file input-v2.cif (mmCIF, C-alpha atoms)
data_upload
#
loop_
_atom_site.label_atom_id
_atom_site.label_comp_id
_atom_site.auth_asym_id
_atom_site.auth_seq_id
_atom_site.Cartn_x
_atom_site.Cartn_y
_atom_site.Cartn_z
CA MET A 1 -21.26 13.01 -1.62
CA LYS A 2 -22.05 12.93 -5.32
CA ARG A 3 -22.05 9.17 -5.39
CA HIS A 4 -25.79 8.58 -5.23
CA PRO A 5 -26.84 10.50 -8.34
CA PHE A 6 -24.11 8.74 -10.30
CA ALA A 7 -25.16 5.36 -8.99
CA ALA A 8 -28.61 6.11 -10.36
CA VAL A 9 -27.04 7.01 -13.71
CA ALA A 10 -25.17 3.72 -13.57
CA ALA A 11 -28.36 1.78 -13.16
CA VAL A 12 -29.93 3.58 -16.09
CA VAL A 13 -26.89 2.95 -18.28
CA LEU A 14 -26.93 -0.73 -17.42
CA LEU A 15 -30.63 -0.97 -18.14
CA LEU A 16 -30.54 0.87 -21.44
CA SER A 17 -27.36 -0.36 -23.05
CA GLY A 18 -26.63 -3.92 -23.97
CA CYS A 19 -23.42 -2.65 -25.48
CA GLY A 20 -21.80 0.40 -23.91
CA ALA A 21 -19.18 0.67 -26.62
CA ALA A 22 -21.76 0.99 -29.36
CA ALA A 23 -23.78 3.44 -27.27
CA ARG A 24 -20.86 5.87 -27.15
CA PRO A 25 -21.70 9.12 -28.94
CA SER A 26 -19.68 9.56 -32.12
CA GLY A 27 -16.74 11.88 -31.70
CA ALA A 28 -16.43 11.09 -27.98
CA ALA A 29 -13.13 10.26 -26.35
CA GLU A 30 -11.65 6.82 -26.93
CA TYR A 31 -11.62 4.70 -23.80
CA ASN A 32 -11.90 1.07 -22.81
CA ALA A 33 -12.85 -1.09 -19.84
CA ALA A 34 -9.45 -0.62 -18.20
CA ASP A 35 -9.82 3.16 -18.29
CA VAL A 36 -13.27 2.99 -16.73
CA MET A 37 -12.25 0.48 -14.07
CA PHE A 38 -9.14 2.46 -13.16
CA LEU A 39 -11.16 5.61 -12.59
CA GLN A 40 -13.96 3.81 -10.76
CA MET A 41 -11.50 2.10 -8.43
CA MET A 42 -9.23 5.12 -7.89
CA LEU A 43 -12.09 7.42 -6.92
CA PRO A 44 -13.01 5.54 -3.71
CA LEU A 45 -9.31 5.16 -2.87
CA HIS A 46 -8.93 8.92 -3.16
CA ALA A 47 -11.99 9.47 -0.99
CA GLN A 48 -10.37 7.29 1.68
CA GLY A 49 -7.06 9.10 1.25
CA LEU A 50 -8.78 12.44 1.73
CA GLU A 51 -10.23 11.17 5.02
CA LEU A 52 -6.71 10.27 6.20
CA THR A 53 -5.26 13.64 5.22
CA ARG A 54 -8.17 15.51 6.78
CA ILE A 55 -7.59 13.80 10.11
CA ALA A 56 -3.84 14.30 9.88
CA LYS A 57 -4.21 18.01 9.21
CA GLU A 58 -6.37 18.29 12.31
CA ARG A 59 -4.22 16.23 14.63
CA THR A 60 -0.54 16.11 13.74
CA THR A 61 1.92 18.30 15.61
CA ARG A 62 4.83 17.67 13.24
CA ALA A 63 5.34 20.28 10.53
CA GLU A 64 6.75 17.74 8.05
CA VAL A 65 3.72 15.51 8.50
CA ARG A 66 1.37 18.44 8.04
CA ASP A 67 3.22 19.49 4.85
CA ILE A 68 2.86 16.11 3.20
CA ALA A 69 -0.77 15.81 4.34
CA ASP A 70 -1.45 19.20 2.70
CA GLU A 71 0.23 18.16 -0.53
CA LEU A 72 -1.60 14.85 -0.71
CA ASP A 73 -4.86 16.57 0.10
CA THR A 74 -4.48 18.96 -2.83
CA ALA A 75 -3.30 16.29 -5.27
CA GLN A 76 -6.10 13.90 -4.43
CA ARG A 77 -8.72 16.65 -4.70
CA ASP A 78 -7.48 17.77 -8.12
CA GLU A 79 -7.29 14.20 -9.38
CA THR A 80 -10.75 13.40 -8.05
CA ALA A 81 -12.20 16.32 -10.00
CA LYS A 82 -10.46 15.17 -13.20
CA MET A 83 -11.50 11.55 -12.84
CA THR A 84 -15.11 12.38 -12.02
CA GLY A 85 -15.21 14.70 -15.02
CA TRP A 86 -14.00 12.03 -17.44
CA LEU A 87 -16.45 9.40 -16.24
CA THR A 88 -19.26 11.92 -16.49
CA ASP A 89 -18.17 12.91 -20.00
CA TRP A 90 -18.18 9.24 -20.96
CA SER A 91 -21.61 8.68 -19.38
CA GLN A 92 -20.11 6.05 -17.10
CA PRO A 93 -20.96 5.57 -13.43
CA THR A 94 -18.40 6.91 -10.98
CA ALA A 95 -18.72 3.86 -8.74
CA MET A 96 -18.44 0.15 -9.39
CA ASP A 97 -21.39 -1.86 -8.28
CA GLY A 98 -20.25 -3.54 -5.07
CA ASP A 99 -17.59 -5.71 -6.66
CA PRO A 100 -14.49 -4.56 -4.70
CA ALA A 101 -15.89 -6.06 -1.50
CA ALA A 102 -15.75 -9.56 -2.97
CA HIS A 103 -12.34 -10.08 -1.35
CA GLU A 104 -13.21 -8.78 2.07
CA HIS A 105 -13.64 -12.05 3.95
CA HIS A 106 -10.02 -12.90 3.20
CA GLY A 107 -8.81 -9.49 4.29
CA GLY A 108 -7.60 -9.01 0.76
CA LEU A 109 -9.42 -5.79 0.06
CA HIS A 110 -6.72 -3.40 -1.10
CA GLN A 111 -8.38 -0.34 0.30
CA THR A 112 -8.33 1.70 3.47
CA SER A 113 -11.47 0.64 5.32
CA PRO A 114 -13.69 2.76 7.56
CA ALA A 115 -12.31 0.77 10.52
CA GLU A 116 -8.78 1.97 9.76
CA ILE A 117 -9.90 5.55 9.26
CA ASP A 118 -11.76 5.37 12.57
CA ALA A 119 -8.71 3.90 14.29
CA LEU A 120 -6.63 6.84 13.06
CA ALA A 121 -9.20 9.34 14.28
CA LYS A 122 -9.12 7.69 17.72
CA ALA A 123 -5.38 6.99 17.94
CA PRO A 124 -3.79 8.29 21.15
CA ASP A 125 -1.73 11.44 20.61
CA ALA A 126 1.52 9.60 21.27
CA ASP A 127 0.80 7.10 18.50
CA PHE A 128 -0.89 9.42 16.05
CA ASP A 129 1.94 10.22 13.65
CA THR A 130 3.19 6.63 13.47
CA THR A 131 -0.35 5.42 12.82
CA PHE A 132 -0.95 8.03 10.12
CA LEU A 133 2.38 7.47 8.39
CA ASN A 134 1.95 3.70 8.23
CA LEU A 135 -1.69 3.87 7.12
CA MET A 136 -0.99 6.54 4.51
CA THR A 137 2.00 4.63 3.16
CA GLY A 138 -0.09 1.48 2.75
CA HIS A 139 -2.84 3.54 1.17
CA LEU A 140 -0.47 5.09 -1.38
CA HIS A 141 1.01 1.68 -2.23
CA ASN A 142 -2.49 0.58 -3.20
CA SER A 143 -2.90 3.70 -5.35
CA VAL A 144 0.40 2.97 -7.12
CA GLU A 145 -0.57 -0.66 -7.65
CA LEU A 146 -3.85 0.34 -9.22
CA THR A 147 -2.08 2.45 -11.84
CA ARG A 148 -0.36 -0.58 -13.34
CA SER A 149 -3.41 -2.02 -15.11
CA GLU A 150 -4.22 1.41 -16.55
CA ILE A 151 -0.69 2.06 -17.79
CA GLU A 152 -0.61 -1.39 -19.39
CA GLY A 153 -4.18 -1.70 -20.61
CA GLY A 154 -5.83 1.73 -20.82
CA THR A 155 -6.42 3.48 -24.14
CA ASN A 156 -7.50 6.95 -23.04
CA GLN A 157 -4.36 9.08 -23.12
CA PRO A 158 -5.33 11.61 -20.43
CA ALA A 159 -6.27 8.75 -18.06
CA LYS A 160 -3.02 6.93 -18.83
CA ASP A 161 -1.07 10.13 -18.23
CA LEU A 162 -2.82 10.58 -14.90
CA ALA A 163 -1.95 7.00 -13.93
CA THR A 164 1.71 7.67 -14.72
CA THR A 165 1.64 10.89 -12.71
CA ILE A 166 0.04 9.13 -9.73
CA ARG A 167 2.54 6.26 -9.91
CA GLU A 168 5.54 8.58 -9.96
CA SER A 169 4.38 11.24 -7.53
CA ARG A 170 2.99 8.79 -4.94
CA THR A 171 6.20 6.78 -5.07
CA LYS A 172 8.12 9.93 -4.13
CA GLU A 173 5.63 10.68 -1.37
CA ILE A 174 5.96 7.12 -0.04
CA ALA A 175 9.71 7.71 0.25
CA ARG A 176 9.04 10.84 2.31
CA LEU A 177 6.51 9.09 4.54
CA LEU A 178 8.96 6.26 5.15
CA SER A 179 11.73 8.67 6.07
CA LEU A 180 9.37 10.36 8.54
CA VAL A 181 8.21 7.15 10.19
CA GLY A 182 11.84 6.05 10.45
CA ALA A 183 12.71 9.30 12.19
CA GLY A 184 9.73 9.19 14.53
CA MET B 1 -6.15 -9.98 -5.26
CA SER B 2 -7.77 -10.86 -8.50
CA LEU B 3 -7.46 -7.78 -10.63
CA ARG B 4 -8.32 -9.94 -13.61
CA SER B 5 -11.73 -10.82 -12.23
CA LYS B 6 -12.40 -7.17 -11.41
CA LEU B 7 -11.48 -6.22 -14.95
CA ALA B 8 -13.82 -8.86 -16.26
CA ALA B 9 -16.58 -7.61 -13.99
CA ALA B 10 -16.00 -4.04 -15.12
CA ALA B 11 -16.02 -5.07 -18.75
CA VAL B 12 -19.29 -6.90 -18.35
CA ALA B 13 -20.76 -4.03 -16.38
CA ILE B 14 -20.11 -1.50 -19.12
CA GLY B 15 -20.72 -3.90 -21.94
CA VAL B 16 -17.33 -3.92 -23.63
CA ALA B 17 -16.40 -7.53 -23.01
CA PRO B 18 -14.65 -7.93 -26.39
CA LEU B 19 -11.97 -5.49 -25.23
CA ILE B 20 -11.00 -7.55 -22.20
CA VAL B 21 -8.27 -9.34 -24.11
CA VAL B 22 -6.50 -6.02 -24.45
CA VAL B 23 -6.66 -5.08 -20.79
CA ALA B 24 -5.88 -8.33 -19.00
CA PRO B 25 -2.85 -7.55 -16.82
CA ALA B 26 0.39 -9.36 -17.58
CA ALA B 27 0.95 -10.36 -13.98
CA THR B 28 -1.41 -10.74 -11.08
CA ALA B 29 -0.70 -7.96 -8.65
CA SER B 30 0.18 -9.06 -5.16
CA ALA B 31 0.96 -6.61 -2.45
CA HIS B 32 0.54 -6.87 1.25
CA GLY B 33 3.06 -5.63 3.80
CA TYR B 34 6.55 -4.94 5.15
CA ILE B 35 8.33 -3.32 8.09
CA SER B 36 8.58 0.46 7.82
CA SER B 37 10.49 1.18 11.02
CA PRO B 38 13.20 0.56 11.87
CA PRO B 39 13.53 0.61 8.07
CA SER B 40 13.58 -2.82 6.44
CA ARG B 41 15.73 -3.47 3.39
CA GLN B 42 12.74 -2.88 1.08
CA ALA B 43 11.92 0.36 2.96
CA ASN B 44 15.50 1.55 2.39
CA CYS B 45 15.17 0.67 -1.31
CA ALA B 46 11.83 2.51 -1.59
CA GLN B 47 13.43 5.60 -0.06
CA GLY B 48 16.39 5.49 -2.45
CA LYS B 49 18.82 4.99 0.43
CA VAL B 50 20.08 1.87 -1.34
CA GLN B 51 20.44 1.94 -5.11
CA ASN B 52 19.77 -0.61 -7.86
CA CYS B 53 17.17 -2.54 -5.93
CA GLY B 54 15.08 -3.50 -8.98
CA ASP B 55 11.30 -3.86 -8.89
CA ILE B 56 11.12 -3.65 -5.11
CA VAL B 57 11.39 0.14 -5.33
CA TRP B 58 7.83 0.25 -6.68
CA GLU B 59 6.35 -2.41 -4.41
CA PRO B 60 8.22 -2.97 -1.13
CA GLN B 61 5.06 -4.66 0.16
CA SER B 62 5.28 -7.54 -2.32
CA VAL B 63 7.96 -9.84 -0.89
CA GLU B 64 5.66 -12.83 -0.86
CA GLY B 65 6.96 -16.39 -0.95
CA PRO B 66 6.23 -19.86 0.32
CA LYS B 67 6.17 -20.24 4.09
CA GLY B 68 9.41 -21.42 5.67
CA ALA B 69 11.89 -19.40 3.61
CA THR B 70 14.91 -18.15 5.57
CA ASN B 71 16.20 -15.35 3.36
CA CYS B 72 15.33 -11.68 2.91
CA HIS B 73 13.62 -12.18 -0.46
CA GLY B 74 11.41 -15.06 0.67
CA ASN B 75 12.68 -17.23 -2.21
CA ASN B 76 10.95 -14.79 -4.56
CA GLY B 77 13.39 -14.45 -7.45
CA ARG B 78 12.10 -11.03 -8.53
CA PHE B 79 13.46 -9.57 -5.32
CA ALA B 80 16.76 -11.43 -4.98
CA GLN B 81 18.61 -8.11 -4.50
CA LEU B 82 17.23 -8.01 -0.96
CA SER B 83 19.55 -10.89 -0.04
CA ASP B 84 22.60 -9.34 -1.70
CA GLU B 85 24.91 -8.70 1.27
CA SER B 86 27.29 -6.64 -0.87
CA LYS B 87 24.78 -3.79 -1.18
CA GLY B 88 25.84 -1.97 1.99
CA TRP B 89 22.48 -2.04 3.77
CA PRO B 90 22.26 0.75 6.36
CA ALA B 91 21.79 -0.49 9.94
CA THR B 92 19.62 1.38 12.44
CA SER B 93 21.05 1.98 15.92
CA VAL B 94 18.79 0.41 18.53
CA GLY B 95 18.80 -0.73 22.15
CA GLY B 96 18.19 -4.26 23.32
CA THR B 97 14.43 -4.04 22.78
CA VAL B 98 12.98 -2.84 19.49
CA THR B 99 9.46 -1.96 18.31
CA PHE B 100 8.85 -3.00 14.72
CA ASN B 101 6.10 -1.17 12.78
CA TRP B 102 4.44 -2.68 9.71
CA VAL B 103 2.86 -1.09 6.65
CA LEU B 104 -0.01 -3.25 5.39
CA THR B 105 -1.81 -2.88 2.10
CA ALA B 106 -4.21 -5.78 2.67
CA ARG B 107 -5.21 -7.19 6.04
CA HIS B 108 -4.99 -10.91 5.48
CA ALA B 109 -6.07 -13.33 8.17
CA THR B 110 -2.88 -14.06 10.06
CA SER B 111 -1.48 -17.12 11.75
CA THR B 112 1.80 -15.75 13.17
CA TRP B 113 4.36 -12.98 13.03
CA GLN B 114 7.85 -14.38 13.55
CA TYR B 115 11.22 -12.72 14.15
CA PHE B 116 14.53 -14.50 13.52
CA ILE B 117 18.18 -13.63 14.02
CA GLY B 118 20.84 -15.98 12.67
CA GLY B 119 18.35 -18.79 12.15
CA THR B 120 17.06 -18.59 15.74
CA ARG B 121 13.48 -17.55 16.33
CA ILE B 122 13.62 -14.80 18.94
CA ALA B 123 9.92 -13.88 19.01
CA GLU B 124 6.55 -15.06 17.76
CA PHE B 125 3.13 -13.41 17.97
CA ASN B 126 0.18 -15.72 17.31
CA ASP B 127 -2.88 -13.99 15.87
CA GLY B 128 -4.88 -17.22 15.67
CA GLY B 129 -6.24 -16.55 12.18
CA ARG B 130 -7.53 -13.05 12.94
CA GLN B 131 -7.28 -10.11 10.57
CA PRO B 132 -4.73 -7.52 11.69
CA GLY B 133 -6.03 -4.21 13.02
CA ALA B 134 -5.39 -0.78 11.58
CA THR B 135 -1.76 -0.85 12.61
CA VAL B 136 0.61 -3.65 13.52
CA SER B 137 3.64 -3.25 15.75
CA HIS B 138 5.56 -5.72 17.87
CA THR B 139 8.08 -5.07 20.62
CA VAL B 140 10.86 -7.63 20.50
CA ASN B 141 13.65 -8.29 23.00
CA LEU B 142 16.83 -9.06 21.08
CA GLY B 143 18.00 -11.45 23.79
CA GLY B 144 21.17 -9.64 24.76
CA ARG B 145 22.66 -9.68 21.27
CA SER B 146 24.92 -6.76 20.40
CA GLY B 147 26.68 -5.34 17.37
CA ARG B 148 25.41 -5.58 13.84
CA GLN B 149 22.49 -8.00 13.42
CA LYS B 150 20.31 -8.96 10.46
CA LEU B 151 16.76 -9.62 11.64
CA LEU B 152 14.29 -11.52 9.45
CA ALA B 153 10.60 -10.88 10.08
CA VAL B 154 7.98 -13.24 8.64
CA TRP B 155 4.24 -12.59 8.35
CA ASN B 156 2.54 -15.97 7.98
CA ILE B 157 -0.86 -15.77 6.28
CA ALA B 158 -3.52 -18.03 7.78
CA ASP B 159 -5.41 -19.07 4.66
CA THR B 160 -2.70 -19.33 2.02
CA ALA B 161 0.59 -21.24 1.75
CA ASN B 162 2.50 -17.98 1.62
CA ALA B 163 4.25 -15.56 3.93
CA PHE B 164 5.69 -12.05 3.60
CA TYR B 165 9.34 -11.42 4.36
CA SER B 166 11.14 -8.34 5.61
CA CYS B 167 14.77 -8.04 6.75
CA VAL B 168 15.88 -5.27 9.09
CA ASP B 169 19.54 -4.43 9.63
CA LEU B 170 20.27 -3.33 13.20
CA GLN B 171 23.24 -1.98 15.08
CA VAL B 172 22.52 -3.08 18.64
CA ASN B 173 24.01 -0.93 21.35
CA GLY B 174 23.89 -3.69 23.90
CA PHE B 175 21.65 -2.31 26.59
CA ALA B 176 17.92 -2.65 26.84
CA GLY B 177 15.30 -0.03 26.22
CA GLY B 178 17.44 3.05 25.76
CA THR B 179 19.17 5.17 23.19
CA PRO B 180 22.64 6.73 23.37
CA ASN B 181 21.02 10.12 23.90
CA ALA B 182 18.90 8.87 26.78
CA LEU B 183 21.96 7.32 28.37
CA ALA B 184 23.89 10.57 28.05
CA ALA B 185 21.00 12.41 29.67
CA VAL B 186 21.19 10.11 32.70
#
call {"tool": "encode", "arguments": {"input": "input-v2.cif", "output": "structure tokens"}}
result
Amino acid sequence: MKRHPFAAVAAVVLLLSGCGAAARPSGAAEYNAADVMFLQMMLPLHAQGLELTRIAKERTTRAEVRDIADELDTAQRDETAKMTGWLTDWSQPTAMDGDPAAHEHHGGLHQTSPAEIDALAKAPDADFDTTFLNLMTGHLHNSVELTRSEIEGGTNQPAKDLATTIRESRTKEIARLLSLVGAG
Amino acid sequence: MSLRSKLAAAAVAIGVAPLIVVVAPAATASAHGYISSPPSRQANCAQGKVQNCGDIVWEPQSVEGPKGATNCHGNNGRFAQLSDESKGWPATSVGGTVTFNWVLTARHATSTWQYFIGGTRIAEFNDGGRQPGATVSHTVNLGGRSGRQKLLAVWNIADTANAFYSCVDLQVNGFAGGTPNALAAV
């Protein structure tokens, strides 16, 4: 986990800069709050997605399920590297400070929680694929939903392009997951 | 979910509050759940098995409307196509008892899950305000109905006035618990 060093950087940035925009080095990439929030929120979603695909690759016995788990695994790894790199280049923390949990009491947290990941790991063999397909589909819907604010409000072109790619490719993968759960 | 408040928090956190006017989303995102199998109407739209479904293709989980609606779009005008009976919705062949699987994107505290056919409630599962677990599925006896049936499933949220709606088109084979293949094997 690289999260802890970056969290420390975050604290330093918050302490030192009353105005992050002004603190940006001249000549650096243009970005705004939507770009930063999109990356900071997508990174933990991808980490959760990678847990789901890791478990699926270990446990599924269906070739089609393994194929899509492999594809999602690769895509989420590549995207994680890109997103981490941009935040680092911008001297921004790679994690938000606790805020996403604000909704949790209502069950409104649009993430895949450790409890769900654990339930997948422990799902009986007979239920495994159905559990994975439904959890992964919900997970990808949340990824797609998160791209909307970036596409509408981001200013950094590479980050906006990534959001568009995620929106379109995950929507296609959702269609495949749904066809697999329907055929289960 | 309040994306707006998260944006505001992010803006404050990185000290670019003046830019928030640019990034405030046009609409509050809301997304929560639907039936994935047998495929609901929104699941068929998301798979491209039914064309010209509108926005639902991107967010089949968002059919949220006031509690008590009796149509497939939950009185949510953005998704009125889901109640368009001329669209040729595919029906899944089933026996007399069906297990419905849900995809959830947020696990809201739940009062009940209800299943209706032709205005009659055929099943209800009371969660008593609990949050759903990792997966949700319900096995429902169709009460001896046969032929083509349109089932309406309703997920009633405990702490809001809203529910989520999902219609599933079924072709009921008229015997319980089996499939044509299983019958042939006997």
call {"tool": "resolve_selection", "arguments": {"input": "input-v2.cif", "expression": "the PyMOL selection byres ((chain A and resi 63-75) around 9)", "output": "ChimeraX atom specification"}}
result
/A:49-50,52-54,56-62,76-80,129,132-133,170,173,176-177,180
call {"tool": "residues_around", "arguments": {"input": "input-v2.cif", "residues": "B:Val103", "least_positions_apart": "2", "cutoff": "7 Å", "atoms": "all atoms listed in the file", "output": "list in words"}}
result
Asn134, Leu135, Thr137 and Gly138 of chain A; Gly33, Tyr34, Ile35, Ser36, Asn101 and Thr105 of chain B
call {"tool": "atom_distance", "arguments": {"input": "input-v2.cif", "atom1": "atom CA of A:Thr84", "atom2": "atom CA of A:Lys172"}}
result
24.7 Å
call {"tool": "residues_around", "arguments": {"input": "input-v2.cif", "residues": "B:Leu142", "least_positions_apart": "6", "cutoff": "12 Å", "atoms": "all atoms listed in the file", "output": "tab-separated table (two decimals) with C-alpha atoms, in the frame of the given file"}}
result
chain	number	residue	atom	x	y	z
B	94	VAL	CA	18.79	0.41	18.53
B	95	GLY	CA	18.80	-0.73	22.15
B	96	GLY	CA	18.19	-4.26	23.32
B	97	THR	CA	14.43	-4.04	22.78
B	98	VAL	CA	12.98	-2.84	19.49
B	99	THR	CA	9.46	-1.96	18.31
B	100	PHE	CA	8.85	-3.00	14.72
B	115	TYR	CA	11.22	-12.72	14.15
B	116	PHE	CA	14.53	-14.50	13.52
B	117	ILE	CA	18.18	-13.63	14.02
B	118	GLY	CA	20.84	-15.98	12.67
B	120	THR	CA	17.06	-18.59	15.74
B	121	ARG	CA	13.48	-17.55	16.33
B	122	ILE	CA	13.62	-14.80	18.94
B	123	ALA	CA	9.92	-13.88	19.01
B	148	ARG	CA	25.41	-5.58	13.84
B	149	GLN	CA	22.49	-8.00	13.42
B	150	LYS	CA	20.31	-8.96	10.46
B	151	LEU	CA	16.76	-9.62	11.64
B	170	LEU	CA	20.27	-3.33	13.20
B	171	GLN	CA	23.24	-1.98	15.08
B	172	VAL	CA	22.52	-3.08	18.64
B	173	ASN	CA	24.01	-0.93	21.35
B	174	GLY	CA	23.89	-3.69	23.90
B	175	PHE	CA	21.65	-2.31	26.59
B	176	ALA	CA	17.92	-2.65	26.84
B	177	GLY	CA	15.30	-0.03	26.22
call {"tool": "resolve_selection", "arguments": {"input": "input-v2.cif", "expression": "the PyMOL selection byres ((chain A and resi 147) around 9)", "output": "list in words"}}
result
Phe38, Met42, Asn142, Ser143, Val144, Glu145, Leu146, Arg148, Ser149, Glu150, Ile151, Glu152, Lys160, Leu162, Ala163, Thr164, Ile166 and Arg167 of chain A
call {"tool": "atom_distance", "arguments": {"input": "input-v2.cif", "atom1": "atom CA of B:Thr135", "atom2": "atom CA of A:Thr131"}}
result
6.4 Å
call {"tool": "closest_residue", "arguments": {"input": "input-v2.cif", "among": "A:Glu51, A:Asp89, A:Asp127, A:Asp161", "to": "chain B", "atoms": "all atoms listed in the file"}}
result
A:Asp127
call {"tool": "atom_distance", "arguments": {"input": "input-v2.cif", "atom1": "atom CA of B:Ala80", "atom2": "atom CA of B:Gln51"}}
result
13.9 Å
call {"tool": "residues_near_point", "arguments": {"input": "input-v2.cif", "point": "(12.7, 9.3, 8.8)", "cutoff": "10 Å", "atoms": "all atoms listed in the file", "output": "list of chain:residue names"}}
result
A:Ala175, A:Arg176, A:Leu177, A:Leu178, A:Ser179, A:Leu180, A:Val181, A:Gly182, A:Ala183, A:Gly184, B:Ser36, B:Ser37, B:Pro38, B:Pro39, B:Gln47
call {"tool": "residues_around", "arguments": {"input": "input-v2.cif", "residues": "B:Val136", "least_positions_apart": "2", "cutoff": "7 Å", "atoms": "all atoms listed in the file", "output": "VMD selection string"}}
result
chain B and resid 101 to 102 132 to 134 138
call {"tool": "closest_residue", "arguments": {"input": "input-v2.cif", "among": "B:His108, B:Arg130, B:Lys49, B:Lys87", "to": "B:Phe164", "atoms": "all atoms listed in the file"}}
result
B:His108
call {"tool": "resolve_selection", "arguments": {"input": "input-v2.cif", "expression": "the PyMOL selection byres ((chain B and resi 60) around 10)", "output": "short mmCIF file (atom, residue, chain, number, x, y, z; two decimals) with C-alpha atoms, in the frame of the given file"}}
result
data_model
loop_
_atom_site.label_atom_id
_atom_site.label_comp_id
_atom_site.auth_asym_id
_atom_site.auth_seq_id
_atom_site.Cartn_x
_atom_site.Cartn_y
_atom_site.Cartn_z
CA HIS A 141 1.01 1.68 -2.23
CA ALA B 31 0.96 -6.61 -2.45
CA HIS B 32 0.54 -6.87 1.25
CA GLY B 33 3.06 -5.63 3.80
CA TYR B 34 6.55 -4.94 5.15
CA ILE B 35 8.33 -3.32 8.09
CA SER B 36 8.58 0.46 7.82
CA SER B 40 13.58 -2.82 6.44
CA ARG B 41 15.73 -3.47 3.39
CA GLN B 42 12.74 -2.88 1.08
CA ALA B 43 11.92 0.36 2.96
CA ASN B 44 15.50 1.55 2.39
CA CYS B 45 15.17 0.67 -1.31
CA ALA B 46 11.83 2.51 -1.59
CA ASP B 55 11.30 -3.86 -8.89
CA ILE B 56 11.12 -3.65 -5.11
CA VAL B 57 11.39 0.14 -5.33
CA TRP B 58 7.83 0.25 -6.68
CA GLU B 59 6.35 -2.41 -4.41
CA GLN B 61 5.06 -4.66 0.16
CA SER B 62 5.28 -7.54 -2.32
CA VAL B 63 7.96 -9.84 -0.89
CA PHE B 79 13.46 -9.57 -5.32
CA VAL B 103 2.86 -1.09 6.65
CA SER B 166 11.14 -8.34 5.61
#
call {"tool": "closest_residue", "arguments": {"input": "input-v2.cif", "among": "A:Thr88, A:Asn156, A:Thr94, A:Thr130", "to": "chain B", "atoms": "all atoms listed in the file"}}
result
A:Thr130
call {"tool": "closest_residue", "arguments": {"input": "input-v2.cif", "among": "A:Ala47, A:Ala29, A:Ile55, A:Ala123", "to": "chain B", "atoms": "all atoms listed in the file"}}
result
A:Ala123
call {"tool": "residues_around", "arguments": {"input": "input-v2.cif", "residues": "B:Trp155", "least_positions_apart": "5", "cutoff": "8 Å", "atoms": "all atoms listed in the file", "output": "JSON, numbers by chain"}}
result
{"B": [110, 112, 113, 114, 163, 164, 165]}
